[in-house]
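Heads up, the thing below is written out as C-alpha cells.
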Amino acid sequence: MPPFDIRVPAVLLRIDRNPFHHGTLGAVRSLGRAGIDVHLVADSAGSPVRGSRFVCRMHPPPAADATAADIALVLRRVAARVARPAVLIPMDDASAVAVDRMRDRLAPRYLLPPAPRGLPERVADKAELAAVCASAGVPHPPTLVVDGPAQAAAAARRLGLPVVAKWSRPWLLPAGSGLRSTAVLRSAQEAQALCRRAEEAGSRLLLQAFLPPGPDRDWFFHGYVDRSGTVCGGGPGRKQRAWPRAAGLTAVGRWTPNPAVQSLAERLTSALGYRGIFDLDFRRDGSTGAYHLLDFNPRPGAQFRLFADGAGLDVVRALHLDLTHRPRPAPVPLPGRTFVVENYAPLTAAFRGGAERAWHARDDLAPGAALWALWSRHAARRLLDRVRGAASAPAYGTRVVRQTTRHDTNPLSDDEKANSR
C-alpha cells in the first residue's frame, strides 16, 4: 500500500438523498482501509453505510434545497469539528458544482484539485456538454436545446423518433415532481408536454438523437487527473449488466482494456485542463462504431472500486496522495476484474467468486448485513408509492430511463426499462 499522510482526514460530501449510493461506501472503505479518518456529510438514515467501521464520524448534511452559502456554512462547521485541513471529496454532481463555486470560502480548511473555475458545472450541464465535446473532437449524439413547446416538437421531428429528452441540470429537479433526468419520447406531442414543465424542472430541456443499446455498446471510464495533468487511478470498463436492464446503472461491470475509450477520455480531460476525479459514460454507435460521450460526471462514479489495482490505487486514493504531495505507486492494472452490486444483480453476486461486491466485505460486515432488510423496506415503499401514483400519472406517457449519473434508486419502475441511457 502506498504511504498515505494519515494526518490529513477526508471529508465526503453528498447532497442527494439516495440511501443506497454504494459509491459512498466504496470511498469510505477505500480511504478508511488506508488509515485515513473519514468524515461523512450525507443523509444516511436508512442506509447501510452508517454501519461501516471505517466511518470516523457522521455529520448532518445540508438541506435538500440548500443554497451555496448554506452548504459552505455546513462545511465550515464540519471543518471546525475536524480541526485540521482535510481532503474534500464531492460524491454527486450537485456537491461538485457547489464546492467549485465555494472554493475560495472553503480554503484553507479543505484541500481541492486545482481545476479551472466553473469547469465542473460546465461538464455536468447536459446542454453544455455537447459544445465541450465538439471543441475537443469527441463524438456526442446530435443535441438540440429547446425553448418552447413548438420548438420541442420541431426538434423531435428533426432528430427522428424516438428521441432522448434530458434536463440540462438534473441536480436541480425538485423532489416529488415525478420528473426524471432522462426520458425516451415517442412522439412530438410528448416533447411538447415535457417542455411545458421546464420552469418546474429548473433548467433547460434538450433533445438528443437516440443511440440504440446492444451487446458491448455501453462503456465507462473512471480516472483522476493529477496536478501535472496525468490520468491515473482508473481505466475503461464495460457494462455487462444494468439495472434496469439495458438502460440503467452498472449492476455488473468488468475492467476491459479499450484503447479507443482511453484515448477519448485522455483527449477530453487534456483539452479542458481538467483536474480531479471524473466518471465518463459512453455508448458505441452500432452503425459507425464511434464511441459517443453521454455523460461527464465531475466526481467518483458509483463503481469506481472496479479499478482498484494491484498497487492498492483507485481514484479516491490517487486524489488523497496527490493533494498531500505523497508519491504515487506505479500502476498495476488488473484487467478482467469484476464489480457487482448485490441488490441489482443478486444471482451474479452469489455465484461469481472473486468479484468485488458493492456492499459485502469481509473486513466490514455491518453494511452487507444491513443491506437486505433496508432494501426490502425501500422496495416495498416504492411499490406502494407507484400504486398510489398510478392514477395521477402524466398524460403524455414518456418512457423514463435511467440517468447515467446513476443516483435514482427506484428498483421497480417498468418505465425505466426503455432502451436508452
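Note on naming: chains are A, B, ... as they come in the C-alpha cells, residues start from 1 per chain, ligands start from 1 in the order shown.
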
Please provide the set of residues having any atom within 6 Å of Phe278 of chain A, restricted to only C-alpha atoms, with same-chain residues fewer than 5 positions apart removed, written as an MDAnalysis selection string. chainID A and resid 222:223 297:300

Shell of 9 Å around Ala271 of chain A, only C-alpha atoms, local chain residues under 5 positions omitted, as a PyMOL selection string: chain A and resi 135-136+266

Between A:Arg254, A:Leu205, A:Pro114, A:Ala260, which residue has the minimum interatomic distance to Gly289 of chain A, considering only C-alpha atoms? A:Ala260

Determine which residues of segment 215-388 of chain A receive a DSSP assignment of alpha helix (DSSP H), computed from the backbone, and state them as a compact mmCIF listing (two decimals) with N, CA, C and O atoms, in the first residue's frame.
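Below is the file part-v7.txt, written as the result:
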```
# COMPACT_ATOMS: atom_id res chain seq x y z
N PRO A 259 -8.52 0.83 -25.99
CA PRO A 259 -7.69 1.98 -26.37
C PRO A 259 -8.50 3.16 -26.90
O PRO A 259 -8.12 4.31 -26.66
N ALA A 260 -9.61 2.90 -27.59
CA ALA A 260 -10.41 4.00 -28.14
C ALA A 260 -11.04 4.82 -27.02
O ALA A 260 -11.01 6.05 -27.03
N VAL A 261 -11.64 4.15 -26.04
CA VAL A 261 -12.25 4.85 -24.91
C VAL A 261 -11.19 5.57 -24.09
O VAL A 261 -11.36 6.71 -23.67
N GLN A 262 -10.05 4.90 -23.86
CA GLN A 262 -8.95 5.51 -23.11
C GLN A 262 -8.48 6.79 -23.80
O GLN A 262 -8.28 7.83 -23.16
N SER A 263 -8.31 6.72 -25.11
CA SER A 263 -7.84 7.88 -25.86
C SER A 263 -8.83 9.04 -25.78
O SER A 263 -8.44 10.20 -25.62
N LEU A 264 -10.13 8.74 -25.89
CA LEU A 264 -11.14 9.79 -25.82
C LEU A 264 -11.14 10.46 -24.44
O LEU A 264 -11.24 11.69 -24.33
N ALA A 265 -11.02 9.66 -23.38
CA ALA A 265 -11.00 10.22 -22.03
C ALA A 265 -9.79 11.13 -21.83
O ALA A 265 -9.91 12.24 -21.29
N GLU A 266 -8.64 10.69 -22.27
CA GLU A 266 -7.43 11.49 -22.09
C GLU A 266 -7.46 12.74 -22.97
O GLU A 266 -7.02 13.82 -22.54
N ARG A 267 -8.00 12.61 -24.18
CA ARG A 267 -8.09 13.78 -25.06
C ARG A 267 -9.01 14.84 -24.47
O ARG A 267 -8.69 16.03 -24.47
N LEU A 268 -10.15 14.40 -23.94
CA LEU A 268 -11.12 15.35 -23.41
C LEU A 268 -10.60 16.05 -22.16
O LEU A 268 -10.68 17.28 -22.06
N THR A 269 -10.07 15.32 -21.21
CA THR A 269 -9.59 15.95 -19.98
C THR A 269 -8.41 16.86 -20.26
O THR A 269 -8.26 17.91 -19.63
N SER A 270 -7.56 16.49 -21.23
CA SER A 270 -6.43 17.35 -21.58
C SER A 270 -6.89 18.64 -22.23
O SER A 270 -6.40 19.73 -21.91
N ALA A 271 -7.86 18.53 -23.15
CA ALA A 271 -8.36 19.72 -23.83
C ALA A 271 -9.01 20.70 -22.87
O ALA A 271 -8.92 21.92 -23.04
N LEU A 272 -9.64 20.18 -21.81
CA LEU A 272 -10.32 21.03 -20.84
C LEU A 272 -9.40 21.56 -19.75
O LEU A 272 -9.76 22.48 -19.03
N VAL A 315 -9.31 5.91 -7.57
CA VAL A 315 -9.36 7.36 -7.80
C VAL A 315 -9.35 8.17 -6.52
O VAL A 315 -8.74 9.25 -6.46
N VAL A 316 -10.01 7.70 -5.45
CA VAL A 316 -10.02 8.49 -4.22
C VAL A 316 -8.67 8.44 -3.52
O VAL A 316 -8.23 9.42 -2.91
N ARG A 317 -8.00 7.32 -3.60
CA ARG A 317 -6.65 7.24 -3.03
C ARG A 317 -5.66 8.08 -3.84
O ARG A 317 -4.78 8.74 -3.27
N ALA A 318 -5.82 8.06 -5.17
CA ALA A 318 -4.94 8.90 -6.01
C ALA A 318 -5.13 10.37 -5.67
O ALA A 318 -4.15 11.13 -5.61
N LEU A 319 -6.36 10.79 -5.45
CA LEU A 319 -6.64 12.17 -5.06
C LEU A 319 -5.96 12.52 -3.74
O LEU A 319 -5.30 13.56 -3.62
N HIS A 320 -6.10 11.68 -2.73
CA HIS A 320 -5.50 11.97 -1.42
C HIS A 320 -3.99 12.04 -1.52
O HIS A 320 -3.35 12.95 -0.96
N LEU A 321 -3.38 11.10 -2.22
CA LEU A 321 -1.92 11.12 -2.39
C LEU A 321 -1.47 12.39 -3.09
O LEU A 321 -0.48 13.03 -2.68
N ASP A 322 -2.17 12.78 -4.12
CA ASP A 322 -1.77 13.96 -4.90
C ASP A 322 -1.89 15.24 -4.08
O ASP A 322 -0.97 16.07 -4.08
N LEU A 323 -3.00 15.41 -3.37
CA LEU A 323 -3.23 16.65 -2.64
C LEU A 323 -2.38 16.75 -1.37
O LEU A 323 -2.21 17.84 -0.83
N PRO A 346 -28.33 -9.95 -7.75
CA PRO A 346 -28.08 -10.89 -6.64
C PRO A 346 -27.55 -12.24 -7.08
O PRO A 346 -26.71 -12.83 -6.39
N LEU A 347 -28.02 -12.76 -8.21
CA LEU A 347 -27.54 -14.07 -8.65
C LEU A 347 -26.08 -14.02 -9.07
O LEU A 347 -25.29 -14.92 -8.75
N THR A 348 -25.69 -12.97 -9.76
CA THR A 348 -24.29 -12.82 -10.14
C THR A 348 -23.42 -12.71 -8.90
O THR A 348 -22.34 -13.29 -8.82
N ALA A 349 -23.88 -11.93 -7.92
CA ALA A 349 -23.12 -11.76 -6.69
C ALA A 349 -22.95 -13.09 -5.96
O ALA A 349 -21.91 -13.35 -5.36
N ALA A 350 -23.97 -13.94 -6.03
CA ALA A 350 -23.93 -15.20 -5.31
C ALA A 350 -22.99 -16.21 -5.95
O ALA A 350 -22.34 -17.00 -5.24
N PHE A 351 -22.88 -16.18 -7.28
CA PHE A 351 -22.17 -17.25 -7.96
C PHE A 351 -20.85 -16.82 -8.62
O PHE A 351 -20.11 -17.68 -9.09
N LEU A 365 -18.37 -5.96 7.92
CA LEU A 365 -19.54 -6.82 7.75
C LEU A 365 -20.87 -6.10 7.89
O LEU A 365 -21.87 -6.50 7.28
N ALA A 366 -20.93 -5.04 8.70
CA ALA A 366 -22.23 -4.45 9.04
C ALA A 366 -23.02 -3.93 7.84
O ALA A 366 -24.23 -4.17 7.76
N PRO A 367 -22.41 -3.20 6.89
CA PRO A 367 -23.21 -2.73 5.76
C PRO A 367 -23.86 -3.86 4.96
O PRO A 367 -25.04 -3.77 4.58
N GLY A 368 -23.13 -4.91 4.69
CA GLY A 368 -23.70 -6.03 3.96
C GLY A 368 -24.81 -6.72 4.73
O GLY A 368 -25.82 -7.13 4.16
N ALA A 369 -24.63 -6.82 6.04
CA ALA A 369 -25.66 -7.45 6.86
C ALA A 369 -26.94 -6.61 6.89
O ALA A 369 -28.04 -7.15 6.96
N ALA A 370 -26.79 -5.29 6.85
CA ALA A 370 -27.95 -4.39 6.91
C ALA A 370 -28.66 -4.23 5.57
O ALA A 370 -29.83 -3.82 5.53
N LEU A 371 -27.97 -4.56 4.48
CA LEU A 371 -28.48 -4.22 3.15
C LEU A 371 -29.87 -4.79 2.88
O LEU A 371 -30.77 -4.05 2.48
N TRP A 372 -30.06 -6.10 3.07
CA TRP A 372 -31.26 -6.71 2.54
C TRP A 372 -32.52 -6.28 3.27
O TRP A 372 -33.57 -6.07 2.64
N ALA A 373 -32.45 -6.11 4.58
CA ALA A 373 -33.63 -5.64 5.30
C ALA A 373 -34.00 -4.23 4.87
O ALA A 373 -35.17 -3.90 4.64
N LEU A 374 -32.99 -3.36 4.74
CA LEU A 374 -33.23 -1.98 4.33
C LEU A 374 -33.74 -1.92 2.89
O LEU A 374 -34.65 -1.15 2.56
N TRP A 375 -33.16 -2.75 2.03
CA TRP A 375 -33.56 -2.75 0.62
C TRP A 375 -34.99 -3.27 0.45
O TRP A 375 -35.77 -2.74 -0.36
N SER A 376 -35.36 -4.28 1.22
CA SER A 376 -36.72 -4.82 1.13
C SER A 376 -37.75 -3.77 1.53
O SER A 376 -38.77 -3.60 0.86
N ARG A 377 -37.48 -3.03 2.61
CA ARG A 377 -38.40 -1.97 3.02
C ARG A 377 -38.46 -0.87 1.98
O ARG A 377 -39.53 -0.33 1.68
N HIS A 378 -37.30 -0.53 1.40
CA HIS A 378 -37.25 0.50 0.37
C HIS A 378 -38.07 0.08 -0.85
O HIS A 378 -38.88 0.86 -1.37
N ALA A 379 -37.91 -1.17 -1.29
CA ALA A 379 -38.64 -1.65 -2.46
C ALA A 379 -40.14 -1.67 -2.20
O ALA A 379 -40.94 -1.32 -3.07
N ALA A 380 -40.53 -2.07 -0.99
CA ALA A 380 -41.95 -2.10 -0.65
C ALA A 380 -42.55 -0.70 -0.67
O ALA A 380 -43.66 -0.49 -1.16
N ARG A 381 -41.81 0.28 -0.14
CA ARG A 381 -42.30 1.67 -0.15
C ARG A 381 -42.45 2.17 -1.57
O ARG A 381 -43.43 2.84 -1.91
N ARG A 382 -41.47 1.87 -2.43
CA ARG A 382 -41.54 2.34 -3.81
C ARG A 382 -42.70 1.71 -4.56
O ARG A 382 -43.35 2.35 -5.38
N LEU A 383 -42.95 0.43 -4.29
CA LEU A 383 -44.08 -0.24 -4.94
C LEU A 383 -45.39 0.40 -4.50
O LEU A 383 -46.29 0.65 -5.32
N LEU A 384 -45.51 0.70 -3.19
CA LEU A 384 -46.72 1.33 -2.68
C LEU A 384 -46.91 2.71 -3.29
O LEU A 384 -48.02 3.09 -3.69
N ASP A 385 -45.81 3.48 -3.37
CA ASP A 385 -45.89 4.81 -3.99
C ASP A 385 -46.34 4.71 -5.44
O ASP A 385 -47.11 5.54 -5.93
N ARG A 386 -45.83 3.69 -6.13
CA ARG A 386 -46.18 3.53 -7.54
C ARG A 386 -47.66 3.22 -7.71
O ARG A 386 -48.33 3.74 -8.60
N VAL A 387 -48.19 2.35 -6.84
CA VAL A 387 -49.61 2.01 -6.91
C VAL A 387 -50.46 3.24 -6.63
O VAL A 387 -51.45 3.52 -7.32
N ARG A 388 -50.08 4.02 -5.61
CA ARG A 388 -50.84 5.20 -5.24
C ARG A 388 -50.80 6.26 -6.34
O ARG A 388 -51.75 7.01 -6.54
```

Can you work out which one of A:Leu161, A:Met102, A:Glu199, A:Gly23 has the shortest atom-to-atom distance to Phe339 of chain A, counting only C-alpha atoms? A:Gly23

Measuring atom to atom with only C-alpha atoms, identify which of A:Gly118, A:Pro9, A:Gly214, A:Gly229 is nearest to Arg81 of chain A.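 Of all the options, A:Pro9 lies closest to Arg81 of chain A.
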
Surrounding residues of Ala68 of chain A excluding itself and chain neighbours under 6 positions, 10 Å, only C-alpha atoms, as a list in words: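 The filter keeps Pro62, Val74, Ser95, Val97, Ala98, Val99, Asp100, Arg101 and Met102 of chain A.
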
Find the residues near Pro2 of chain A: any atom within 10 Å, counting only C-alpha atoms, skip ones fewer than 2 places away on the same chain, and give them as JSON, numbers by chain. {"A": [4, 5, 34, 311, 312, 313, 317, 318, 321, 326, 327, 328, 329, 330]}

Where in segment 77-324 of chain A does DSSP assign strand (DSSP E), given as number ranges by chain? A: 86-90, 110-111, 143-146, 163-167, 182-185, 205-209, 218-225, 231-243, 249-255, 276-284, 291-297

Counting only C-alpha atoms, the option among A:Ala107, A:Ile71, A:Ala198, A:Ala358 closest to Val49 of chain A: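 Under the stated criterion, the closest residue is A:Ala358.
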
Determine, counting only C-alpha atoms, which protein, DNA and RNA residues have an atom within 9 Å of an atom of Ala152 of chain A; residues of the same chain fewer than 5 positions away are not included. Present the result as a VMD selection string. chain A and resid 144 to 147 157 188 to 189 191 to 192 194 to 195 205 to 207

Residues at most 12 Å from Arg109 of chain A, counting only C-alpha atoms, excluding those fewer than 6 positions away in the same chain, as a ChimeraX atom specification? /A:8-11,72,75-88,102-103

Can you write out the residues you just picked, keeping N, CA, C and O atoms, as a PDB file, in the first residue's frame?
```pdb
ATOM      1  N   VAL A   8      -3.921  13.739   7.504  1.00  0.00           N
ATOM      2  CA  VAL A   8      -4.903  14.519   6.754  1.00  0.00           C
ATOM      3  C   VAL A   8      -6.170  13.688   6.564  1.00  0.00           C
ATOM      4  O   VAL A   8      -6.165  12.688   5.837  1.00  0.00           O
ATOM      5  N   PRO A   9      -7.276  14.060   7.221  1.00  0.00           N
ATOM      6  CA  PRO A   9      -8.520  13.306   7.066  1.00  0.00           C
ATOM      7  C   PRO A   9      -9.182  13.576   5.721  1.00  0.00           C
ATOM      8  O   PRO A   9      -8.753  14.465   4.959  1.00  0.00           O
ATOM      9  N   ALA A  10     -10.228  12.824   5.438  1.00  0.00           N
ATOM     10  CA  ALA A  10     -11.041  13.039   4.239  1.00  0.00           C
ATOM     11  C   ALA A  10     -12.463  13.351   4.670  1.00  0.00           C
ATOM     12  O   ALA A  10     -12.985  12.749   5.607  1.00  0.00           O
ATOM     13  N   VAL A  11     -13.090  14.297   3.972  1.00  0.00           N
ATOM     14  CA  VAL A  11     -14.489  14.640   4.193  1.00  0.00           C
ATOM     15  C   VAL A  11     -15.247  14.335   2.904  1.00  0.00           C
ATOM     16  O   VAL A  11     -14.928  14.887   1.847  1.00  0.00           O
ATOM     17  N   ALA A  72     -21.764  25.970   2.254  1.00  0.00           N
ATOM     18  CA  ALA A  72     -20.491  26.457   2.777  1.00  0.00           C
ATOM     19  C   ALA A  72     -20.517  26.519   4.300  1.00  0.00           C
ATOM     20  O   ALA A  72     -19.530  26.167   4.964  1.00  0.00           O
ATOM     21  N   LEU A  75     -20.129  23.023   5.707  1.00  0.00           N
ATOM     22  CA  LEU A  75     -18.757  22.547   5.576  1.00  0.00           C
ATOM     23  C   LEU A  75     -17.803  23.260   6.529  1.00  0.00           C
ATOM     24  O   LEU A  75     -16.851  22.655   7.024  1.00  0.00           O
ATOM     25  N   ARG A  76     -18.054  24.517   6.802  1.00  0.00           N
ATOM     26  CA  ARG A  76     -17.203  25.216   7.777  1.00  0.00           C
ATOM     27  C   ARG A  76     -17.424  24.655   9.182  1.00  0.00           C
ATOM     28  O   ARG A  76     -16.478  24.543   9.973  1.00  0.00           O
ATOM     29  N   ARG A  77     -18.665  24.281   9.493  1.00  0.00           N
ATOM     30  CA  ARG A  77     -18.933  23.664  10.793  1.00  0.00           C
ATOM     31  C   ARG A  77     -18.230  22.310  10.909  1.00  0.00           C
ATOM     32  O   ARG A  77     -17.676  21.972  11.960  1.00  0.00           O
ATOM     33  N   VAL A  78     -18.266  21.541   9.826  1.00  0.00           N
ATOM     34  CA  VAL A  78     -17.564  20.262   9.822  1.00  0.00           C
ATOM     35  C   VAL A  78     -16.069  20.488   9.996  1.00  0.00           C
ATOM     36  O   VAL A  78     -15.405  19.783  10.768  1.00  0.00           O
ATOM     37  N   ALA A  79     -15.530  21.482   9.302  1.00  0.00           N
ATOM     38  CA  ALA A  79     -14.105  21.777   9.406  1.00  0.00           C
ATOM     39  C   ALA A  79     -13.721  22.129  10.836  1.00  0.00           C
ATOM     40  O   ALA A  79     -12.644  21.749  11.319  1.00  0.00           O
ATOM     41  N   ALA A  80     -14.599  22.854  11.533  1.00  0.00           N
ATOM     42  CA  ALA A  80     -14.317  23.218  12.918  1.00  0.00           C
ATOM     43  C   ALA A  80     -14.257  21.977  13.802  1.00  0.00           C
ATOM     44  O   ALA A  80     -13.441  21.896  14.731  1.00  0.00           O
ATOM     45  N   ARG A  81     -15.111  20.983  13.510  1.00  0.00           N
ATOM     46  CA  ARG A  81     -15.102  19.749  14.301  1.00  0.00           C
ATOM     47  C   ARG A  81     -13.890  18.884  13.964  1.00  0.00           C
ATOM     48  O   ARG A  81     -13.314  18.242  14.836  1.00  0.00           O
ATOM     49  N   VAL A  82     -13.521  18.870  12.690  1.00  0.00           N
ATOM     50  CA  VAL A  82     -12.360  18.079  12.275  1.00  0.00           C
ATOM     51  C   VAL A  82     -11.070  18.703  12.807  1.00  0.00           C
ATOM     52  O   VAL A  82     -10.116  18.004  13.175  1.00  0.00           O
ATOM     53  N   ALA A  83     -11.029  20.047  12.809  1.00  0.00           N
ATOM     54  CA  ALA A  83      -9.944  20.819  13.431  1.00  0.00           C
ATOM     55  C   ALA A  83      -8.586  20.668  12.750  1.00  0.00           C
ATOM     56  O   ALA A  83      -7.554  20.874  13.376  1.00  0.00           O
ATOM     57  N   ARG A  84      -8.565  20.310  11.493  1.00  0.00           N
ATOM     58  CA  ARG A  84      -7.330  20.279  10.704  1.00  0.00           C
ATOM     59  C   ARG A  84      -7.710  20.242   9.231  1.00  0.00           C
ATOM     60  O   ARG A  84      -8.809  19.797   8.887  1.00  0.00           O
ATOM     61  N   PRO A  85      -6.846  20.713   8.335  1.00  0.00           N
ATOM     62  CA  PRO A  85      -7.177  20.680   6.906  1.00  0.00           C
ATOM     63  C   PRO A  85      -7.491  19.258   6.461  1.00  0.00           C
ATOM     64  O   PRO A  85      -6.859  18.291   6.903  1.00  0.00           O
ATOM     65  N   ALA A  86      -8.477  19.137   5.570  1.00  0.00           N
ATOM     66  CA  ALA A  86      -8.930  17.820   5.118  1.00  0.00           C
ATOM     67  C   ALA A  86      -9.109  17.821   3.609  1.00  0.00           C
ATOM     68  O   ALA A  86      -9.385  18.862   2.995  1.00  0.00           O
ATOM     69  N   VAL A  87      -8.953  16.653   3.002  1.00  0.00           N
ATOM     70  CA  VAL A  87      -9.266  16.465   1.588  1.00  0.00           C
ATOM     71  C   VAL A  87     -10.784  16.371   1.457  1.00  0.00           C
ATOM     72  O   VAL A  87     -11.415  15.562   2.141  1.00  0.00           O
ATOM     73  N   LEU A  88     -11.361  17.207   0.612  1.00  0.00           N
ATOM     74  CA  LEU A  88     -12.807  17.237   0.418  1.00  0.00           C
ATOM     75  C   LEU A  88     -13.166  16.525  -0.883  1.00  0.00           C
ATOM     76  O   LEU A  88     -12.621  16.858  -1.948  1.00  0.00           O
ATOM     77  N   MET A 102     -17.719  27.475  -4.280  1.00  0.00           N
ATOM     78  CA  MET A 102     -17.329  27.981  -2.961  1.00  0.00           C
ATOM     79  C   MET A 102     -15.849  27.807  -2.668  1.00  0.00           C
ATOM     80  O   MET A 102     -15.415  27.922  -1.525  1.00  0.00           O
ATOM     81  N   ARG A 103     -15.076  27.528  -3.697  1.00  0.00           N
ATOM     82  CA  ARG A 103     -13.669  27.183  -3.498  1.00  0.00           C
ATOM     83  C   ARG A 103     -12.940  28.192  -2.606  1.00  0.00           C
ATOM     84  O   ARG A 103     -12.196  27.809  -1.683  1.00  0.00           O
TER      85      ARG A 103
END
```
